[in-house]
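**Q** Quick one, start_7.txt (compact mmCIF, C-alpha atoms):
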```txt
# COMPACT_ATOMS: atom_id res chain seq x y z
CA MET O 221 154.63 -86.87 155.73
CA THR O 222 157.72 -84.73 156.36
CA THR O 223 160.70 -85.03 154.03
CA PRO O 224 163.80 -86.18 155.95
CA PRO O 225 166.51 -83.50 156.29
CA GLU O 226 169.03 -85.56 154.35
CA GLU O 227 166.60 -85.85 151.42
CA THR O 228 165.78 -82.14 151.54
CA ALA O 229 169.46 -81.32 151.40
CA ALA O 230 169.78 -83.58 148.38
CA GLN O 231 166.95 -81.91 146.45
CA PRO O 232 168.21 -80.18 143.27
CA SER O 233 166.65 -76.83 144.17
CA THR O 234 168.43 -76.83 147.52
CA ARG O 235 171.73 -77.73 145.91
CA LEU O 236 171.24 -74.94 143.38
CA ASP O 237 170.78 -72.45 146.20
CA GLU O 238 173.86 -73.77 147.97
CA ALA O 239 175.89 -73.67 144.76
CA ARG O 240 174.91 -70.07 144.13
CA ALA O 241 175.88 -69.14 147.69
CA HIS O 242 179.29 -70.77 147.20
CA ALA O 243 179.74 -68.93 143.89
CA GLU O 244 178.83 -65.58 145.43
CA GLY O 245 181.28 -66.26 148.25
CA GLY O 246 184.09 -67.02 145.82
CA ARG O 247 184.15 -70.76 146.60
CA LEU O 248 184.15 -71.72 142.94
CA ASP O 249 185.21 -75.37 143.31
CA ASP O 250 182.44 -76.07 145.82
CA ALA O 251 179.93 -74.33 143.61
CA ALA O 252 181.06 -76.33 140.57
CA THR O 253 180.72 -79.62 142.47
CA LEU O 254 177.13 -78.89 143.46
CA PHE O 255 176.20 -77.66 139.98
CA ARG O 256 177.54 -80.93 138.53
CA GLN O 257 175.49 -82.95 141.03
CA VAL O 258 172.33 -81.16 139.95
CA LEU O 259 173.19 -81.86 136.32
CA GLU O 260 173.11 -85.59 137.13
CA THR O 261 169.84 -85.63 139.11
CA GLY O 262 167.71 -82.58 138.26
CA GLY O 263 164.88 -82.02 135.85
CA THR O 264 165.14 -80.01 132.66
CA THR O 265 164.86 -76.53 134.17
CA GLU O 266 167.11 -77.41 137.10
CA ARG O 267 169.70 -78.94 134.77
CA ALA O 268 169.59 -75.81 132.63
CA GLN O 269 170.16 -73.63 135.68
CA ALA O 270 172.97 -75.84 136.90
CA ALA O 271 174.71 -75.91 133.52
CA LEU O 272 174.52 -72.13 133.22
CA GLY O 273 175.78 -71.70 136.80
CA LEU O 274 178.62 -74.11 136.08
CA ALA O 275 179.53 -72.15 132.94
CA VAL O 276 179.73 -68.92 134.94
CA VAL O 277 181.93 -70.33 137.72
CA LEU O 278 184.20 -72.15 135.28
CA GLU O 279 184.68 -68.97 133.28
CA SER O 280 185.44 -67.09 136.50
CA GLY O 281 188.07 -69.70 137.26
CA GLY O 282 189.65 -69.32 133.82
CA ASP O 283 188.37 -72.57 132.30
CA LEU O 284 186.87 -71.12 129.09
CA ASP O 285 186.58 -74.44 127.30
CA GLY O 286 184.76 -76.01 130.21
CA ALA O 287 182.50 -72.96 130.53
CA ARG O 288 181.54 -73.08 126.86
CA GLU O 289 180.80 -76.80 127.07
CA ALA O 290 178.55 -76.15 130.08
CA ASP O 291 176.78 -73.41 128.10
CA ARG O 292 176.14 -75.90 125.32
CA VAL O 293 174.66 -78.34 127.81
CA ALA O 294 172.29 -75.67 129.06
CA ILE O 295 171.36 -74.75 125.49
CA GLY O 296 170.69 -78.43 124.77
CA THR O 297 167.98 -78.53 127.44
CA LYS O 298 166.02 -76.04 125.30
CA ASP O 299 164.81 -74.37 128.45
CA PRO O 300 163.27 -71.07 127.22
CA GLU O 301 164.85 -69.01 130.01
CA TYR O 302 168.12 -70.61 131.06
CA GLY O 303 168.88 -72.08 127.66
CA ALA O 304 168.55 -68.59 126.19
CA ARG O 305 170.73 -67.17 128.94
CA ALA O 306 173.39 -69.75 128.26
CA ALA O 307 173.37 -68.95 124.55
CA TYR O 308 173.73 -65.27 125.41
CA HIS O 309 176.61 -66.08 127.79
CA LEU O 310 178.28 -68.22 125.13
CA ALA O 311 177.96 -65.52 122.47
CA LEU O 312 179.60 -62.94 124.74
CA SER O 313 182.38 -65.40 125.50
CA TRP O 314 183.18 -65.86 121.82
CA GLU O 315 182.96 -62.11 121.22
CA ARG O 316 185.46 -61.40 123.97
CA SER O 317 187.86 -63.92 122.46
CA GLY O 318 187.49 -62.32 119.02
CA ASP O 319 185.96 -65.38 117.32
CA ARG O 320 183.37 -63.65 115.13
CA ASP O 321 182.12 -66.80 113.39
CA ARG O 322 181.36 -68.67 116.59
CA ALA O 323 179.91 -65.55 118.17
CA ARG O 324 177.57 -65.19 115.20
CA GLU O 325 176.52 -68.83 115.55
CA ALA O 326 175.77 -68.34 119.25
CA TRP O 327 173.81 -65.14 118.61
CA HIS O 328 171.71 -67.02 116.06
CA THR O 329 170.97 -69.56 118.77
CA VAL O 330 169.81 -66.75 121.04
CA VAL O 331 167.50 -65.54 118.27
CA ASP O 332 166.09 -69.05 117.86
CA PHE O 333 165.03 -69.08 121.52
CA ALA O 334 163.01 -65.87 120.86
CA ASN O 335 163.25 -64.92 124.52
CA PRO O 336 162.22 -61.21 124.59
CA ALA O 337 164.91 -60.41 127.16
CA TYR O 338 167.75 -61.61 124.94
CA LEU O 339 166.38 -61.27 121.40
CA PRO O 340 167.02 -57.46 121.07
CA PRO O 341 170.74 -57.56 121.98
CA ALA O 342 171.20 -60.64 119.77
CA CYS O 343 169.69 -58.83 116.77
CA LEU O 344 171.84 -55.79 117.42
CA ALA O 345 174.98 -57.91 117.78
CA LEU O 346 174.25 -59.75 114.51
CA ALA O 347 173.72 -56.41 112.78
CA GLN O 348 177.08 -55.17 114.00
CA ILE O 349 178.83 -58.34 112.84
CA ALA O 350 177.24 -58.09 109.39
CA ASP O 351 178.14 -54.41 109.16
CA GLU O 352 181.75 -55.08 110.12
CA GLU O 353 181.92 -57.75 107.43
CA GLY O 354 180.60 -55.35 104.80
CA ASP O 355 177.18 -56.98 104.40
CA ALA O 356 175.17 -53.79 104.75
CA ALA O 357 171.90 -55.28 103.53
CA GLN O 358 172.06 -58.08 106.12
CA ALA O 359 172.99 -55.55 108.80
CA CYS O 360 169.92 -53.48 107.97
CA GLU O 361 167.68 -56.53 108.31
CA TRP O 362 169.00 -57.23 111.80
CA TRP O 363 168.73 -53.59 112.81
CA GLU O 364 165.11 -53.60 111.66
CA ARG O 365 164.42 -56.75 113.69
CA ALA O 366 165.95 -55.12 116.75
CA ILE O 367 163.76 -52.04 116.23
CA ALA O 368 160.69 -54.25 115.84
CA THR O 369 161.20 -55.61 119.36
CA ARG O 370 160.48 -52.08 120.65
CA ASP O 371 162.98 -52.68 123.41
CA PRO O 372 163.64 -49.28 125.06
CA ARG O 373 167.37 -49.96 125.32
CA TYR O 374 168.30 -51.73 122.10
CA ALA O 375 165.72 -50.45 119.61
CA PRO O 376 167.02 -46.83 119.77
CA ALA O 377 170.61 -47.98 119.28
CA ALA O 378 169.58 -50.07 116.27
CA ALA O 379 167.52 -47.22 114.83
CA HIS O 380 170.46 -44.83 115.11
CA ASP O 381 172.82 -47.18 113.28
CA LEU O 382 170.23 -48.07 110.65
CA ALA O 383 169.37 -44.41 110.04
CA LEU O 384 173.00 -43.50 109.44
CA ARG O 385 173.30 -46.22 106.83
CA LEU O 386 170.02 -45.28 105.14
CA LEU O 387 171.03 -41.63 105.01
CA ASP O 388 174.26 -42.67 103.31
CA TRP O 389 172.15 -44.56 100.78
CA GLY O 390 169.93 -41.57 100.12
CA GLU O 391 166.84 -43.04 101.81
CA PRO O 392 165.92 -40.33 104.34
CA ALA O 393 162.21 -41.22 104.47
CA ARG O 394 163.01 -44.78 105.50
CA ALA O 395 165.51 -43.47 108.04
CA GLN O 396 162.87 -41.16 109.45
CA ARG O 397 160.40 -44.01 109.91
CA ALA O 398 162.99 -46.07 111.79
CA LEU O 399 163.85 -43.14 114.04
CA ASP O 400 160.21 -42.26 114.69
CA GLY O 401 159.57 -45.82 115.85
CA ALA O 402 162.54 -45.75 118.20
CA MET O 403 161.57 -42.35 119.62
CA GLU O 404 158.20 -43.81 120.61
CA VAL O 405 159.77 -46.37 122.96
CA LEU O 406 162.73 -44.32 124.22
CA ASP O 407 162.49 -42.98 127.74
CA ARG O 408 163.90 -39.50 127.18
CA LYS O 409 164.34 -38.73 130.88
CA ARG O 410 166.26 -41.93 131.59
CA ASP O 411 168.55 -41.77 128.56
CA ARG O 412 169.08 -38.21 127.43
CA GLN O 413 172.16 -39.06 125.37
CA ALA O 414 170.28 -41.64 123.32
CA HIS O 415 167.47 -39.14 122.80
CA ALA O 416 169.94 -36.51 121.63
CA ARG O 417 171.50 -38.92 119.12
CA LEU O 418 168.12 -39.93 117.74
CA ALA O 419 166.82 -36.36 117.65
CA VAL O 420 169.83 -35.13 115.68
CA SER O 421 169.58 -38.05 113.26
CA LEU O 422 165.86 -37.40 112.86
CA GLY O 423 166.55 -33.75 112.10
CA ILE O 424 169.11 -34.76 109.49
CA ALA O 425 166.57 -37.11 107.90
CA HIS O 426 164.10 -34.23 107.67
CA LEU O 427 166.79 -32.00 106.16
CA GLU O 428 167.60 -34.61 103.53
CA GLN O 429 163.93 -34.94 102.67
CA ALA O 430 163.64 -31.15 102.42
CA ILE O 431 166.66 -31.05 100.10
CA ALA O 432 165.07 -33.70 97.90
CA ALA O 433 161.78 -31.81 97.83
CA PHE O 434 163.35 -28.44 97.00
CA GLY O 435 165.58 -30.07 94.40
CA SER O 436 162.60 -31.62 92.65
CA VAL O 437 161.36 -28.15 91.67
CA THR O 438 162.90 -27.40 88.29
CA PRO O 439 162.51 -24.27 86.15
CA THR O 440 160.26 -24.58 83.08
CA GLU O 441 159.03 -22.18 80.44
CA ASP O 442 156.00 -21.32 82.55
CA SER O 443 157.72 -21.41 85.95
CA ASP O 444 156.04 -19.54 88.77
CA PRO O 445 158.33 -16.52 89.43
CA GLU O 446 157.57 -16.78 93.14
CA VAL O 447 157.62 -20.51 93.86
CA VAL O 448 160.62 -21.66 91.80
CA PRO O 449 163.03 -18.93 93.04
CA LEU O 450 161.86 -19.72 96.58
CA ALA O 451 162.69 -23.39 96.05
CA ILE O 452 166.11 -22.42 94.65
CA GLU O 453 166.83 -20.22 97.65
CA LEU O 454 165.69 -22.84 100.18
CA LEU O 455 167.74 -25.53 98.48
CA ALA O 456 170.85 -23.34 98.30
CA ARG O 457 170.54 -22.32 101.95
CA THR O 458 169.82 -25.86 103.19
CA LEU O 459 172.61 -27.73 101.38
CA PRO O 460 175.41 -26.11 103.45
CA LEU O 461 173.76 -27.48 106.61
CA ARG O 462 174.72 -30.91 105.27
CA GLY O 463 178.22 -29.81 104.27
CA ARG O 464 177.44 -29.45 100.57
CA ASP O 465 178.79 -25.98 99.96
CA GLU O 466 179.84 -26.60 96.36
CA ALA O 467 176.40 -27.97 95.49
CA ALA O 468 174.82 -24.87 97.02
CA GLN O 469 177.04 -22.61 94.90
CA GLU O 470 175.98 -24.51 91.81
CA VAL O 471 172.30 -24.08 92.70
CA TRP O 472 172.75 -20.33 93.06
CA ARG O 473 174.69 -20.17 89.80
CA ARG O 474 172.06 -22.00 87.80
CA GLY O 475 169.29 -19.92 89.30
CA LEU O 476 171.04 -16.62 88.64
CA ASP O 477 171.87 -17.65 85.08
CA ASP O 478 168.27 -18.52 84.26
CA PRO O 479 167.09 -15.85 81.79
CA ALA O 480 163.53 -15.85 83.07
CA LEU O 481 164.08 -16.28 86.80
CA GLY O 482 167.56 -14.85 87.37
CA GLU O 483 166.42 -11.48 88.73
CA HIS O 484 163.91 -13.14 91.05
CA VAL O 485 166.62 -15.44 92.36
CA ARG O 486 169.00 -12.50 92.83
CA ALA O 487 166.35 -10.64 94.79
CA ARG O 488 166.04 -13.60 97.14
CA LEU O 489 169.81 -13.93 97.47
CA ARG O 490 170.16 -10.25 98.38
CA ARG O 491 166.99 -9.82 100.43
CA THR O 492 168.78 -9.89 103.78
CA PHE O 493 171.30 -7.15 103.05
CA ALA O 494 170.44 -5.09 99.95
CA THR O 495 169.01 -1.59 100.33
CA ASP O 496 165.31 -1.00 99.75
CA GLY O 497 165.55 2.23 97.81
CA GLY O 498 167.26 0.79 94.77
CA GLU O 499 170.64 2.33 95.62
CA HIS O 500 173.45 -0.03 94.74
CA LEU O 501 176.20 0.04 97.36
CA TRP O 502 179.66 -1.04 96.27
CA TRP O 503 180.00 -3.79 98.88
CA GLU O 504 176.74 -5.55 98.03
CA ASP O 505 178.35 -7.48 95.18
CA ASP O 506 181.01 -8.77 97.54
CA ILE O 507 178.40 -9.83 100.09
CA GLU O 508 176.41 -11.57 97.37
CA ALA O 509 179.50 -13.42 96.17
CA ALA O 510 180.35 -14.43 99.74
CA LEU O 511 176.84 -15.73 100.35
CA ARG O 512 176.94 -17.78 97.18
CA ALA O 513 180.30 -19.25 98.14
CA GLY O 514 179.40 -19.83 101.79
CA ALA O 515 182.25 -17.47 102.70
CA LEU O 516 180.38 -14.75 104.57
CA PRO O 517 182.28 -15.37 107.86
CA LEU O 518 185.57 -14.95 105.98
CA LEU O 519 184.40 -11.72 104.38
CA THR O 520 183.20 -10.44 107.76
CA GLY O 521 186.57 -11.19 109.30
CA GLU O 522 188.38 -9.35 106.53
CA ALA O 523 186.09 -6.31 106.84
CA PHE O 524 186.49 -6.08 110.61
CA GLY O 525 190.24 -6.58 110.31
CA ALA O 526 190.50 -3.62 107.92
CA LEU O 527 188.22 -1.52 110.14
CA ASP O 528 190.24 -2.36 113.23
CA HIS O 529 193.46 -1.32 111.48
CA MET O 530 192.05 1.99 110.24
CA TYR O 531 190.41 2.80 113.56
CA ALA O 532 193.67 2.18 115.43
CA ILE O 533 195.57 4.59 113.18
CA ALA O 534 192.92 7.30 113.44
CA ALA O 535 192.41 6.92 117.20
CA MET O 536 196.14 6.95 117.93
CA ARG O 537 196.71 10.12 115.94
CA HIS O 538 193.69 11.81 117.41
CA GLY O 539 194.83 10.88 120.89
CA GLU O 540 198.17 12.63 120.34
CA GLY O 541 196.36 15.97 120.17
CA PRO O 542 195.96 18.67 117.50
CA GLU O 543 199.59 19.68 117.36
CA GLY O 544 200.91 19.67 113.83
CA LEU O 545 197.51 19.20 112.22
CA PRO O 546 195.15 21.72 110.67
CA ALA O 547 192.07 22.16 112.82
CA GLU O 548 189.72 20.75 110.20
CA ILE O 549 191.85 17.59 109.83
CA TYR O 550 191.89 17.08 113.57
CA ASP O 551 188.11 17.47 113.66
CA LEU O 552 187.76 14.95 110.86
CA LEU O 553 189.85 12.46 112.82
CA GLY O 554 187.55 12.97 115.78
CA GLN O 555 184.51 12.30 113.64
CA LEU O 556 186.14 9.17 112.26
CA VAL O 557 186.91 7.82 115.71
CA ARG O 558 183.32 8.44 116.82
CA VAL O 559 181.74 6.50 113.93
CA PRO O 560 181.57 3.10 115.72
CA GLU O 561 179.50 4.57 118.58
CA ASP O 562 176.32 4.01 116.60
CA TYR O 563 177.00 0.30 116.09
CA ALA O 564 176.51 -2.63 118.45
CA TRP O 565 180.15 -3.62 118.05
CA GLY O 566 181.48 -0.08 118.58
CA GLU O 567 182.43 -0.48 122.23
CA ALA O 568 184.20 -3.75 121.52
CA LEU O 569 186.24 -2.09 118.80
CA LYS O 570 187.30 0.75 121.09
CA GLU O 571 188.11 -1.61 123.95
CA SER O 572 190.24 -3.76 121.63
CA PHE O 573 192.25 -0.71 120.63
CA ALA O 574 192.53 0.44 124.24
CA GLU O 575 193.83 -2.93 125.40
CA ARG O 576 196.52 -3.01 122.71
CA LEU O 577 197.54 0.53 123.60
CA ARG O 578 197.86 -0.37 127.29
CA GLN O 579 200.03 -3.36 126.40
CA VAL O 580 202.39 -1.16 124.39
CA MET O 581 202.51 2.02 126.50
CA GLY O 582 201.67 0.83 130.00
CA PRO O 583 198.50 0.34 132.06
CA ASP O 584 198.21 4.03 133.06
CA THR O 585 198.12 5.36 129.50
CA PRO O 586 195.07 7.60 128.82
CA ILE O 587 192.83 5.88 126.37
CA PRO O 588 191.62 7.89 123.39
CA PRO O 589 189.25 9.08 122.33
CA PRO O 590 188.79 11.53 125.24
CA ARG O 591 185.35 12.32 126.51
CA TRP O 592 183.52 14.43 123.99
CA PRO O 593 181.64 17.60 124.77
CA GLY O 594 178.17 16.67 125.83
CA ASP O 595 179.08 13.01 126.64
CA GLU O 596 177.67 12.30 130.06
```
I need this file expressed as structure tokens, please.
**A**
Amino acid sequence: MTTPPEETAAQPSTRLDEARAHAEGGRLDDAATLFRQVLETGGTTERAQAALGLAVVLESGGDLDGAREADRVAIGTKDPEYGARAAYHLALSWERSGDRDRAREAWHTVVDFANPAYLPPACLALAQIADEEGDAAQACEWWERAIATRDPRYAPAAAHDLALRLLDWGEPARAQRALDGAMEVLDRKRDRQAHARLAVSLGIAHLEQAIAAFGSVTPTEDSDPEVVPLAIELLARTLPLRGRDEAAQEVWRRGLDDPALGEHVRARLRRTFATDGGEHLWWEDDIEAALRAGALPLLTGEAFGALDHMYAIAAMRHGEGPEGLPAEIYDLLGQLVRVPEDYAWGEALKESFAERLRQVMGPDTPIPPPRWPGDE
């Protein structure tokens, strides 16, 4: 038996389709009328769909109170799909209006539905609300629940926020576990920025664990003269990577002051620059002090600044020619100007001087030093 056309048109599913078409075409009043008709005649799922559709069109028309009431009707049907959607829609509505308490209540409703499509963002939203209110422990619980969903979009975001908090609390191992779990579900090719954030946080967690491990090695009366100084060096060189320069200086100081291990620690501190033959060069103490203080770039800048100044004076005088100078002095100036040629930065030093000279004396000024005999 064929259903009469007038009955077909009156079926809730048909009205839902018509209402959606009106909504998509911007005919909000017509859409709202049909959604309300379905609410009066449809079954549970159809009523849930109609209530959610009505909430959307009413919100589009500026009727926020009516939209929220329609969301509550949809939630009341307890439909696992459209009820959850309506709770999600309601939570976003309260968030946009700045009502944190009602938003939190709506997000809890989303969680109660346990719909896997909406549970992850609800957990993340509840974590953010708790964090903003200063309830860090509650925030961590919600972040962990979001991570447990293994949602490729929301789990990484939750893991990143949780890891930052755990690192602040001095729990790098727990942070690492959270990040490892998120990295397993993250699609690196689809979201490179999220991967970068997690990878950096994971590296920081490893650094913090390394710092804790190195710091747990303490000198004793029978300390191994190889292992303990190594731990001191690794700790002192790792701490600055986390911005703890003063702590690194203190580690060096304690190690160098240790009567049994001090010389071993000093050997490790100086191993990258001290001479092998036992000759003590005057600048080594300054380099050591700079390394301990994390000021090696500053010392390097000072040294190059002094070198640049002296080179400019010598090169300028040598470029003026031998007039007025004893031959041996002029030759010494030439040797001085040629010193940088053996270093990787020599050409840069000469070009810096040449550029300043051109700026002062004009672009056609001959640039000293001249070509030397045998330079081809």
**Q** Extract, using only C-alpha atoms, all DNA, RNA and protein residues at most 10 Å from Pro439 in chain O, discarding same-chain residues fewer than 2 positions from it, and format them as a ChimeraX atom specification.
**A** /O:436-437,441-445,447-449,451-452,474-475,478,480-481
**Q** Please determine, counting all atoms listed in the file, which residue among O:Ile349, O:Ala268, O:Val293, O:Leu461 has the shortest atom-to-atom distance to Arg320 in chain O.
**A**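 Of O:Ile349, O:Ala268, O:Val293, O:Leu461, the one nearest Arg320 in chain O is O:Ile349, counting all atoms listed in the file.
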**Q** Quick one: pull the distance between CA of His500 in chain O and CA of Trp472 in chain O, Å, one decimal.
**A** 20.4 Å
**Q** Would you kindly return, as a list in words, each protein, DNA or RNA residue with an atom no farther than 8 Å from any atom of Val330 in chain O, considering all atoms listed in the file and excluding same-chain residues fewer than 3 positions away?
**A**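 So, after excluding close chain neighbours, the residues are Ala304, Arg305, Ala307, Tyr308, Ala326, Trp327, Phe333, Ala334, Asn335, Tyr338, Leu339 and Ala342 of chain O.
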**Q** Neighbours of Ala395 in chain O within 10 Å (only C-alpha atoms; same-chain residues fewer than 3 positions away dropped), as a PyMOL selection string?
**A** chain O and resi 379-392+398-400+421-422+424-426
**Q** Identify, on the basis of only C-alpha atoms, every residue whose closest approach to Arg322 in chain O does not exceed 12 Å; exclude the query and any residue fewer than 5 positions from it along the same chain; express the result as a PyMOL selection string.
**A** chain O and resi 288+307+310-317+327-329+346+349
**Q** Would you pick out the contacts of Phe434 in chain O at 10 Å or less, using all atoms listed in the file, so that residues sharing its chain but fewer than 2 positions from it are not included, and give the list as an MDAnalysis selection string?
**A** chainID O and resid 428:432 436:438 448 450:456 458
**Q** Just the selected residues (C-alpha atoms), exported as a PDB file, in the coordinates of the input, please.
**A**
```pdb
ATOM      1  CA  GLU O 428     167.600 -34.610 103.530  1.00  0.00           C
ATOM      2  CA  GLN O 429     163.930 -34.940 102.670  1.00  0.00           C
ATOM      3  CA  ALA O 430     163.640 -31.150 102.420  1.00  0.00           C
ATOM      4  CA  ILE O 431     166.660 -31.050 100.100  1.00  0.00           C
ATOM      5  CA  ALA O 432     165.070 -33.700  97.900  1.00  0.00           C
ATOM      6  CA  SER O 436     162.600 -31.620  92.650  1.00  0.00           C
ATOM      7  CA  VAL O 437     161.360 -28.150  91.670  1.00  0.00           C
ATOM      8  CA  THR O 438     162.900 -27.400  88.290  1.00  0.00           C
ATOM      9  CA  VAL O 448     160.620 -21.660  91.800  1.00  0.00           C
ATOM     10  CA  LEU O 450     161.860 -19.720  96.580  1.00  0.00           C
ATOM     11  CA  ALA O 451     162.690 -23.390  96.050  1.00  0.00           C
ATOM     12  CA  ILE O 452     166.110 -22.420  94.650  1.00  0.00           C
ATOM     13  CA  GLU O 453     166.830 -20.220  97.650  1.00  0.00           C
ATOM     14  CA  LEU O 454     165.690 -22.840 100.180  1.00  0.00           C
ATOM     15  CA  LEU O 455     167.740 -25.530  98.480  1.00  0.00           C
ATOM     16  CA  ALA O 456     170.850 -23.340  98.300  1.00  0.00           C
ATOM     17  CA  THR O 458     169.820 -25.860 103.190  1.00  0.00           C
TER      18      THR O 458
END
```
**Q** Which of these, O:Leu519, O:Pro376, O:Arg464, O:Ala252, has the shortest distance to Arg412 in chain O once you count all atoms listed in the file?
**A**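 Of O:Leu519, O:Pro376, O:Arg464, O:Ala252, the one nearest Arg412 in chain O is O:Pro376, counting all atoms listed in the file.
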**Q** Quote the spacing between CA of Gln396 in chain O and CA of Leu427 in chain O in Å to one decimal place.
**A**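 Value for the CA of Gln396 in chain O-CA of Leu427 in chain O distance: 10.5 Å.
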**Q** Could you tell me which of O:Lys409, O:Arg370, O:His415, O:His309 comes closest to Pro336 in chain O if we count all atoms listed in the file?
**A** O:Arg370
**Q** Could you check how far CA of Glu266 in chain O sits from CA of Arg292 in chain O, in Å to one decimal?
**A**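 So the two atoms, CA of Glu266 in chain O and CA of Arg292 in chain O, lie 14.9 Å apart.
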**Q** Which residue, O:Ala290, O:Ala243, O:Ala509, O:Val258, has the smallest gap to Val277 in chain O when you use only C-alpha atoms?
**A** O:Ala243
**Q** Pick out the closest residue to Gly514 in chain O from this set: O:Glu548, O:Glu561, O:Asp584, O:Asp465. Count only C-alpha atoms.
**A**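 Closest to Gly514 in chain O of all the choices is O:Asp465.
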**Q** Using all atoms listed in the file, which residue out of O:Leu272, O:Leu556, O:Leu545, O:Ile507 lies closest to Leu259 in chain O?
**A**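 Selected residue with least distance to Leu259 in chain O: O:Leu272.
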**Q** Identify the residues within 10 Å of coordinate (178.0, -82.4, 137.3) (same frame as the file), considering only C-alpha atoms, and give the answer as number ranges by chain.
**A** O: 252-261, 267, 270-271, 274, 290
